[in-house]
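Only one structure is covered here, and it is reproduced in the block below.
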Amino acid sequence: MASQPIGIAGAGAWGTALANAAAAAGNDVVLWMRSPEQADALVATRTNERCLPGVKLHERIRPTAELSALAASSAVLLVTPAQTTRDMSTALASVLPVAVPLVLCAKGIERGSGAFLCDVVAEVRPGATVAVLSGPSFAHDVARGLPTAVTLACRDTALAEEMANALSGPTLRVYHRSDVRGVEIGGAAKNVLAIACGAVAGKGLGESAKAALVARGFAELLRFARAYGGEPETLMGLSGLGDLVLTCSTAQSRNFAFGQRLGQGMSVEEAAGGKLVEGAATASALVALARAKNIDMPIAEAVEQILSGAWTLDQAVDALMNRPIKSEH
Ligand SMILES: NC(=O)C1=CN([C@@H]2O[C@H](COP(=O)(O)OP(=O)(O)OC[C@H]3O[C@@H](n4cnc5c(N)ncnc54)[C@H](OP(=O)(O)O)[C@@H]3O)[C@@H](O)[C@H]2O)C=CC1
Ligand SMILES: O=C(CO)COP(=O)(O)O
């Protein structure tokens, strides 16, 4: 794997941080972005000031706006927003040999279709190998070389191990697993739950309420994953509980910060502030999938009702607090 470069499609905060980590792990990296101007700027300045300010690009990274430059990669990490997965994997299918695995790094479920992102890729790139990389990892932490651990899942266990080894470096530790579905569910669902935690913080409802949301949110996550074929052990690991705890803890998370601003009384548009909020894009699909299998997900449901304008935050709190008392599970 080390003789060929690792390809990265998407040079936002996470794509750039992963490019640096992959290069630090001893790989040549081809970093694709859609804007030729941005690629020229990265080549000239060796920084990505717009997305990851203050971080120097590793010398083994080659920025480009030519998608075909990814064709010789040993694997391509797709690091554009979840809702671009269909278009991006279709575009990649036209330039990548089918043998090149695609590693999905976005966290979400496709809106409208309700499709898991791995299934989207399987549809547009039949026969190709798909993997998922997820876990508690802020781009800025990884880029600063702070110790971080994530999970890479692929049904081909030997390939999962090979890719995890190739991406692991001095400060990024990549575990491997075969449960692709469990890993992708953890990443997608925790963003929706983090919006609820942020709203609790923004409204000043206290640390006890926040801890209750994390615990009850995790119960929702487990229920959902079980119903959709994820392994409970996966959800108890980095990509489930680990990422839920991280994202529910700090306004460094865009999802948490978005919820916090909602809690302070801002509208949905104001609260997003032009930033990528994956939980807001995924909430309706997550809730629709839960309803389709009668999975009880009151916190995710409350987030969706707030985002759709059906409930105020006060109504959501009332709804959650006035559910029938029941056995905890
Ligand atoms: N940031 C983080 O800490 C982490 C993020 N993630 C996940 O990674 C994914 C990306 O997040 P992040 O990098 O932070 O987001 P950013 O907003 O920083 O970057 C998004 C990138 O995607 C590009 N992009 C947007 N739309 C398209 C499109 N239609 N076609 C091609 N490229 C497009 C943008 O290009 P342009 O600049 O031209 O608009 C930009 O380079 C998300 O799913 C997120 O949940 C996962 C772990 C950590
Ligand atoms: O997924 C993340 C950390 O693991 C990043 O979360 P945000 O998208 O909420 O910033």
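Each chain in the structure tokens gets a letter, A, B, ..., in the order shown, and its residues are numbered from 1; ligands are numbered from 1 in order too.
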### Message
9 Å from ligand 1 is the threshold here; counting only C-alpha atoms and all ligand atoms, which polymer residues fall inside it? Answer as a count of residues only.
### Response
53
### Query
If you run DSSP on this backbone, which residues of region 246-305 of chain A come out as helix (DSSP H, G or I), and could you give them as a ChimeraX atom specification?
/A:246-247,254-263,268-272,278-292,298-305
Take the residues that were just selected and, keeping N, CA and C atoms, output them as a CSV table (one decimal), in the first residue's frame.
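Okay, this is what ended up in selection-v7.csv:
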```csv
chain,number,residue,atom,x,y,z
A,246,LEU,N,-17.5,12.9,22.8
A,246,LEU,CA,-16.8,14.1,22.3
A,246,LEU,C,-17.7,15.2,21.8
A,247,THR,N,-18.6,14.8,21.0
A,247,THR,CA,-19.4,15.8,20.3
A,247,THR,C,-20.4,16.5,21.2
A,254,ARG,N,-19.2,21.6,15.7
A,254,ARG,CA,-20.2,22.5,15.0
A,254,ARG,C,-21.6,22.1,15.3
A,255,ASN,N,-21.9,20.8,15.5
A,255,ASN,CA,-23.2,20.3,15.8
A,255,ASN,C,-23.6,20.8,17.2
A,256,PHE,N,-22.7,20.7,18.2
A,256,PHE,CA,-23.0,21.1,19.5
A,256,PHE,C,-23.2,22.7,19.5
A,257,ALA,N,-22.3,23.4,18.8
A,257,ALA,CA,-22.4,24.8,18.8
A,257,ALA,C,-23.7,25.3,18.2
A,258,PHE,N,-24.1,24.6,17.1
A,258,PHE,CA,-25.4,24.9,16.5
A,258,PHE,C,-26.5,24.8,17.4
A,259,GLY,N,-26.6,23.6,18.2
A,259,GLY,CA,-27.6,23.4,19.2
A,259,GLY,C,-27.6,24.5,20.3
A,260,GLN,N,-26.3,24.8,20.7
A,260,GLN,CA,-26.2,25.8,21.7
A,260,GLN,C,-26.8,27.2,21.3
A,261,ARG,N,-26.6,27.5,20.0
A,261,ARG,CA,-27.2,28.8,19.5
A,261,ARG,C,-28.7,28.7,19.4
A,262,LEU,N,-29.2,27.5,19.1
A,262,LEU,CA,-30.7,27.3,19.1
A,262,LEU,C,-31.2,27.5,20.5
A,263,GLY,N,-30.4,27.0,21.5
A,263,GLY,CA,-30.8,27.1,22.9
A,263,GLY,C,-30.8,28.5,23.4
A,268,VAL,N,-32.9,28.6,13.1
A,268,VAL,CA,-32.1,27.5,12.6
A,268,VAL,C,-31.0,28.1,11.6
A,269,GLU,N,-31.4,29.1,10.8
A,269,GLU,CA,-30.5,29.6,9.8
A,269,GLU,C,-29.4,30.4,10.5
A,270,GLU,N,-29.8,31.3,11.5
A,270,GLU,CA,-28.8,32.0,12.2
A,270,GLU,C,-27.8,31.1,12.9
A,271,ALA,N,-28.4,30.1,13.5
A,271,ALA,CA,-27.6,29.2,14.4
A,271,ALA,C,-26.5,28.4,13.5
A,272,ALA,N,-26.9,28.1,12.3
A,272,ALA,CA,-25.9,27.4,11.4
A,272,ALA,C,-24.8,28.3,11.0
A,278,GLU,N,-23.7,18.7,10.0
A,278,GLU,CA,-24.2,17.4,9.5
A,278,GLU,C,-25.4,16.8,10.2
A,279,GLY,N,-25.5,17.1,11.5
A,279,GLY,CA,-26.7,16.5,12.2
A,279,GLY,C,-28.0,17.2,11.7
A,280,ALA,N,-27.9,18.4,11.4
A,280,ALA,CA,-29.1,19.1,10.9
A,280,ALA,C,-29.5,18.5,9.5
A,281,ALA,N,-28.5,18.2,8.7
A,281,ALA,CA,-28.8,17.6,7.4
A,281,ALA,C,-29.3,16.2,7.5
A,282,THR,N,-29.0,15.5,8.6
A,282,THR,CA,-29.3,14.0,8.7
A,282,THR,C,-30.5,13.8,9.6
A,283,ALA,N,-30.9,14.7,10.4
A,283,ALA,CA,-32.0,14.4,11.4
A,283,ALA,C,-33.2,13.8,10.8
A,284,SER,N,-33.7,14.4,9.7
A,284,SER,CA,-35.0,13.9,9.2
A,284,SER,C,-34.9,12.5,8.6
A,285,ALA,N,-33.7,12.2,8.0
A,285,ALA,CA,-33.5,10.8,7.5
A,285,ALA,C,-33.4,9.8,8.6
A,286,LEU,N,-32.7,10.2,9.7
A,286,LEU,CA,-32.5,9.3,10.9
A,286,LEU,C,-33.9,9.0,11.5
A,287,VAL,N,-34.7,10.1,11.7
A,287,VAL,CA,-36.0,9.9,12.3
A,287,VAL,C,-36.9,9.1,11.4
A,288,ALA,N,-36.9,9.3,10.1
A,288,ALA,CA,-37.7,8.5,9.2
A,288,ALA,C,-37.3,7.0,9.3
A,289,LEU,N,-36.0,6.8,9.3
A,289,LEU,CA,-35.6,5.3,9.4
A,289,LEU,C,-36.1,4.7,10.7
A,290,ALA,N,-36.0,5.5,11.8
A,290,ALA,CA,-36.4,5.0,13.1
A,290,ALA,C,-37.9,4.7,13.1
A,291,ARG,N,-38.7,5.7,12.6
A,291,ARG,CA,-40.1,5.5,12.5
A,291,ARG,C,-40.5,4.2,11.7
A,292,ALA,N,-39.8,4.0,10.6
A,292,ALA,CA,-40.1,2.9,9.7
A,292,ALA,C,-39.9,1.6,10.4
A,298,PRO,N,-36.8,9.3,21.1
A,298,PRO,CA,-37.4,10.6,21.4
A,298,PRO,C,-36.5,11.8,21.3
A,299,ILE,N,-35.2,11.6,21.6
A,299,ILE,CA,-34.3,12.8,21.5
A,299,ILE,C,-34.1,13.2,20.1
A,300,ALA,N,-33.8,12.2,19.2
A,300,ALA,CA,-33.6,12.5,17.8
A,300,ALA,C,-34.9,13.1,17.2
A,301,GLU,N,-36.0,12.6,17.7
A,301,GLU,CA,-37.3,13.0,17.2
A,301,GLU,C,-37.5,14.5,17.7
A,302,ALA,N,-37.2,14.8,18.9
A,302,ALA,CA,-37.3,16.2,19.4
A,302,ALA,C,-36.4,17.2,18.6
A,303,VAL,N,-35.2,16.7,18.2
A,303,VAL,CA,-34.3,17.6,17.4
A,303,VAL,C,-35.0,17.8,16.0
A,304,GLU,N,-35.5,16.8,15.5
A,304,GLU,CA,-36.2,16.9,14.1
A,304,GLU,C,-37.4,17.9,14.2
A,305,GLN,N,-38.1,17.8,15.3
A,305,GLN,CA,-39.3,18.6,15.4
A,305,GLN,C,-38.9,20.1,15.6
```
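Our summary of the geometry notes that CA of Ser68 (chain A) is positioned 20.4 Å from CA of Ala122 (chain A).
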### Message
Given only C-alpha atoms and all ligand atoms as the basis, pick out the residue of A:Ala149, A:Val55, A:Ala199, A:Val180 nearest to ligand 2.
### Response
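For ligand 2, the nearest of the candidates is A:Ala149.
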So that I can see what lies close to region 63-67 of chain A, please list as a CSV table (one decimal) with N, CA and C atoms, in the first residue's frame the residues with an atom at most 12 Å from it, counting only C-alpha atoms and leaving out residues fewer than 5 positions away in the same chain.
```csv
chain,number,residue,atom,x,y,z
A,7,GLY,N,-5.1,8.7,-1.8
A,7,GLY,CA,-5.9,9.8,-2.3
A,7,GLY,C,-6.9,10.4,-1.3
A,8,ILE,N,-7.1,11.7,-1.3
A,8,ILE,CA,-8.1,12.3,-0.4
A,8,ILE,C,-8.9,13.2,-1.3
A,9,ALA,N,-10.2,13.0,-1.3
A,9,ALA,CA,-11.1,13.9,-2.1
A,9,ALA,C,-11.8,14.8,-1.1
A,10,GLY,N,-11.5,16.1,-1.2
A,10,GLY,CA,-12.1,17.0,-0.2
A,10,GLY,C,-11.0,17.6,0.7
A,11,ALA,N,-10.8,18.9,0.5
A,11,ALA,CA,-9.7,19.6,1.3
A,11,ALA,C,-10.4,20.6,2.2
A,15,GLY,N,-10.5,16.8,5.6
A,15,GLY,CA,-9.7,16.2,4.5
A,15,GLY,C,-8.2,16.7,4.7
A,16,THR,N,-8.0,17.9,5.0
A,16,THR,CA,-6.7,18.5,5.1
A,16,THR,C,-6.0,17.9,6.3
A,19,ALA,N,-5.0,14.4,5.5
A,19,ALA,CA,-3.9,14.4,4.5
A,19,ALA,C,-2.6,14.5,5.3
A,20,ASN,N,-2.6,15.4,6.2
A,20,ASN,CA,-1.4,15.6,7.0
A,20,ASN,C,-1.1,14.4,7.9
A,28,ASP,N,2.8,9.0,0.6
A,28,ASP,CA,2.6,10.2,-0.3
A,28,ASP,C,1.1,10.4,-0.4
A,29,VAL,N,0.6,11.6,-0.5
A,29,VAL,CA,-0.8,11.9,-0.5
A,29,VAL,C,-1.2,12.8,-1.6
A,30,VAL,N,-2.2,12.5,-2.4
A,30,VAL,CA,-2.8,13.4,-3.4
A,30,VAL,C,-4.1,13.9,-2.8
A,31,LEU,N,-4.1,15.3,-2.6
A,31,LEU,CA,-5.2,15.9,-2.0
A,31,LEU,C,-6.0,16.7,-3.0
A,32,TRP,N,-7.2,16.2,-3.3
A,32,TRP,CA,-8.1,16.8,-4.4
A,32,TRP,C,-9.0,17.8,-3.8
A,33,MET,N,-9.2,18.9,-4.5
A,33,MET,CA,-10.3,19.8,-4.1
A,33,MET,C,-10.9,20.3,-5.4
A,34,ARG,N,-12.2,20.8,-5.2
A,34,ARG,CA,-12.9,21.1,-6.5
A,34,ARG,C,-12.5,22.5,-7.1
A,35,SER,N,-11.9,23.3,-6.3
A,35,SER,CA,-11.5,24.7,-6.8
A,35,SER,C,-10.1,24.7,-7.2
A,36,PRO,N,-9.8,25.0,-8.5
A,36,PRO,CA,-8.4,25.1,-9.0
A,36,PRO,C,-7.7,26.3,-8.3
A,37,GLU,N,-8.5,27.3,-7.9
A,37,GLU,CA,-7.8,28.5,-7.3
A,37,GLU,C,-7.3,28.1,-5.9
A,38,GLN,N,-8.2,27.3,-5.2
A,38,GLN,CA,-7.7,26.8,-3.9
A,38,GLN,C,-6.5,25.9,-4.0
A,39,ALA,N,-6.5,25.0,-5.0
A,39,ALA,CA,-5.4,24.1,-5.2
A,39,ALA,C,-4.1,24.9,-5.5
A,40,ASP,N,-4.2,25.9,-6.3
A,40,ASP,CA,-3.1,26.8,-6.6
A,40,ASP,C,-2.6,27.4,-5.3
A,41,ALA,N,-3.5,27.9,-4.5
A,41,ALA,CA,-3.2,28.6,-3.2
A,41,ALA,C,-2.4,27.6,-2.3
A,42,LEU,N,-2.9,26.4,-2.2
A,42,LEU,CA,-2.3,25.4,-1.4
A,42,LEU,C,-0.9,25.0,-1.8
A,43,VAL,N,-0.7,25.0,-3.2
A,43,VAL,CA,0.6,24.7,-3.7
A,43,VAL,C,1.5,25.8,-3.4
A,44,ALA,N,1.0,27.1,-3.5
A,44,ALA,CA,1.9,28.2,-3.3
A,44,ALA,C,2.2,28.5,-1.9
A,45,THR,N,1.2,28.3,-1.0
A,45,THR,CA,1.5,28.7,0.4
A,45,THR,C,1.8,27.5,1.3
A,46,ARG,N,1.5,26.3,0.9
A,46,ARG,CA,1.6,25.1,1.7
A,46,ARG,C,0.8,25.2,3.0
A,47,THR,N,-0.3,25.9,2.9
A,47,THR,CA,-1.3,25.9,4.1
A,47,THR,C,-2.7,26.0,3.5
A,48,ASN,N,-3.7,25.6,4.3
A,48,ASN,CA,-5.1,25.7,3.9
A,48,ASN,C,-5.7,26.7,4.8
A,57,LEU,N,1.1,22.4,5.6
A,57,LEU,CA,0.9,21.1,4.8
A,57,LEU,C,2.1,20.3,4.8
A,58,HIS,N,2.0,19.0,5.1
A,58,HIS,CA,3.2,18.1,5.0
A,58,HIS,C,3.7,18.1,3.6
A,72,ALA,N,-4.3,6.8,-9.4
A,72,ALA,CA,-3.2,5.8,-9.1
A,72,ALA,C,-3.2,5.6,-7.6
A,73,SER,N,-4.2,6.0,-6.8
A,73,SER,CA,-4.1,5.8,-5.3
A,73,SER,C,-4.3,4.4,-4.9
A,76,VAL,N,-8.9,5.7,-1.7
A,76,VAL,CA,-9.3,7.1,-1.7
A,76,VAL,C,-10.2,7.4,-0.5
A,78,LEU,N,-12.9,9.7,1.0
A,78,LEU,CA,-13.9,10.7,0.6
A,78,LEU,C,-14.3,11.6,1.8
A,88,MET,N,-20.3,12.8,-5.5
A,88,MET,CA,-18.8,12.6,-5.5
A,88,MET,C,-18.4,11.2,-5.8
A,89,SER,N,-19.2,10.2,-5.3
A,89,SER,CA,-18.8,8.8,-5.7
A,89,SER,C,-19.1,8.5,-7.1
A,90,THR,N,-20.1,9.2,-7.7
A,90,THR,CA,-20.4,9.0,-9.1
A,90,THR,C,-19.2,9.6,-9.9
A,91,ALA,N,-18.8,10.8,-9.5
A,91,ALA,CA,-17.7,11.4,-10.3
A,91,ALA,C,-16.4,10.5,-10.1
A,92,LEU,N,-16.2,10.0,-8.9
A,92,LEU,CA,-15.0,9.2,-8.7
A,92,LEU,C,-15.0,7.9,-9.4
A,93,ALA,N,-16.3,7.3,-9.6
A,93,ALA,CA,-16.4,6.1,-10.3
A,93,ALA,C,-15.9,6.2,-11.8
A,94,SER,N,-16.0,7.4,-12.3
A,94,SER,CA,-15.6,7.6,-13.7
A,94,SER,C,-14.1,7.7,-13.8
A,95,VAL,N,-13.3,7.9,-12.7
A,95,VAL,CA,-11.9,8.0,-12.9
A,95,VAL,C,-11.1,6.9,-12.1
A,96,LEU,N,-11.8,6.3,-11.1
A,96,LEU,CA,-11.0,5.3,-10.3
A,96,LEU,C,-11.2,3.9,-10.8
```
#### Entry: All residues 12 Å or closer to Lys203 (chain A), only C-alpha atoms, same chain fewer than 3 positions away omitted, as a list in words
Ala196, Cys197, Gly198, Ala199, Val200, Gly206, Glu207, Ala209, Lys210, Gly259, Gln260, Arg261, Leu262, Gly263, Gln264, Gly265, Met266, Leu313, Asp314 and Val317 of chain A
#### Entry: 8 Å contact set for Val121 (chain A), only C-alpha atoms, chain neighbours under 3 positions out, as a PyMOL selection string
chain A and resi 85-86+89-90+117-118+124-126+130
Residue selection dump (C-alpha atoms) as a PDB file, in the first residue's frame:
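Result saved to again.pdb:
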```
ATOM      1  CA  THR A  85     -21.602  11.427  -1.341  1.00  0.00           C
ATOM      2  CA  ARG A  86     -23.777  10.388  -4.289  1.00  0.00           C
ATOM      3  CA  SER A  89     -18.789   8.836  -5.660  1.00  0.00           C
ATOM      4  CA  THR A  90     -20.392   8.995  -9.118  1.00  0.00           C
ATOM      5  CA  LEU A 117     -23.705   6.323   2.651  1.00  0.00           C
ATOM      6  CA  CYS A 118     -22.090   2.912   2.048  1.00  0.00           C
ATOM      7  CA  VAL A 124     -23.111   4.026  -7.986  1.00  0.00           C
ATOM      8  CA  ARG A 125     -19.911   1.953  -7.893  1.00  0.00           C
ATOM      9  CA  PRO A 126     -21.057  -1.680  -7.914  1.00  0.00           C
ATOM     10  CA  VAL A 130     -16.189   0.554   0.564  1.00  0.00           C
TER      11      VAL A 130
END
```
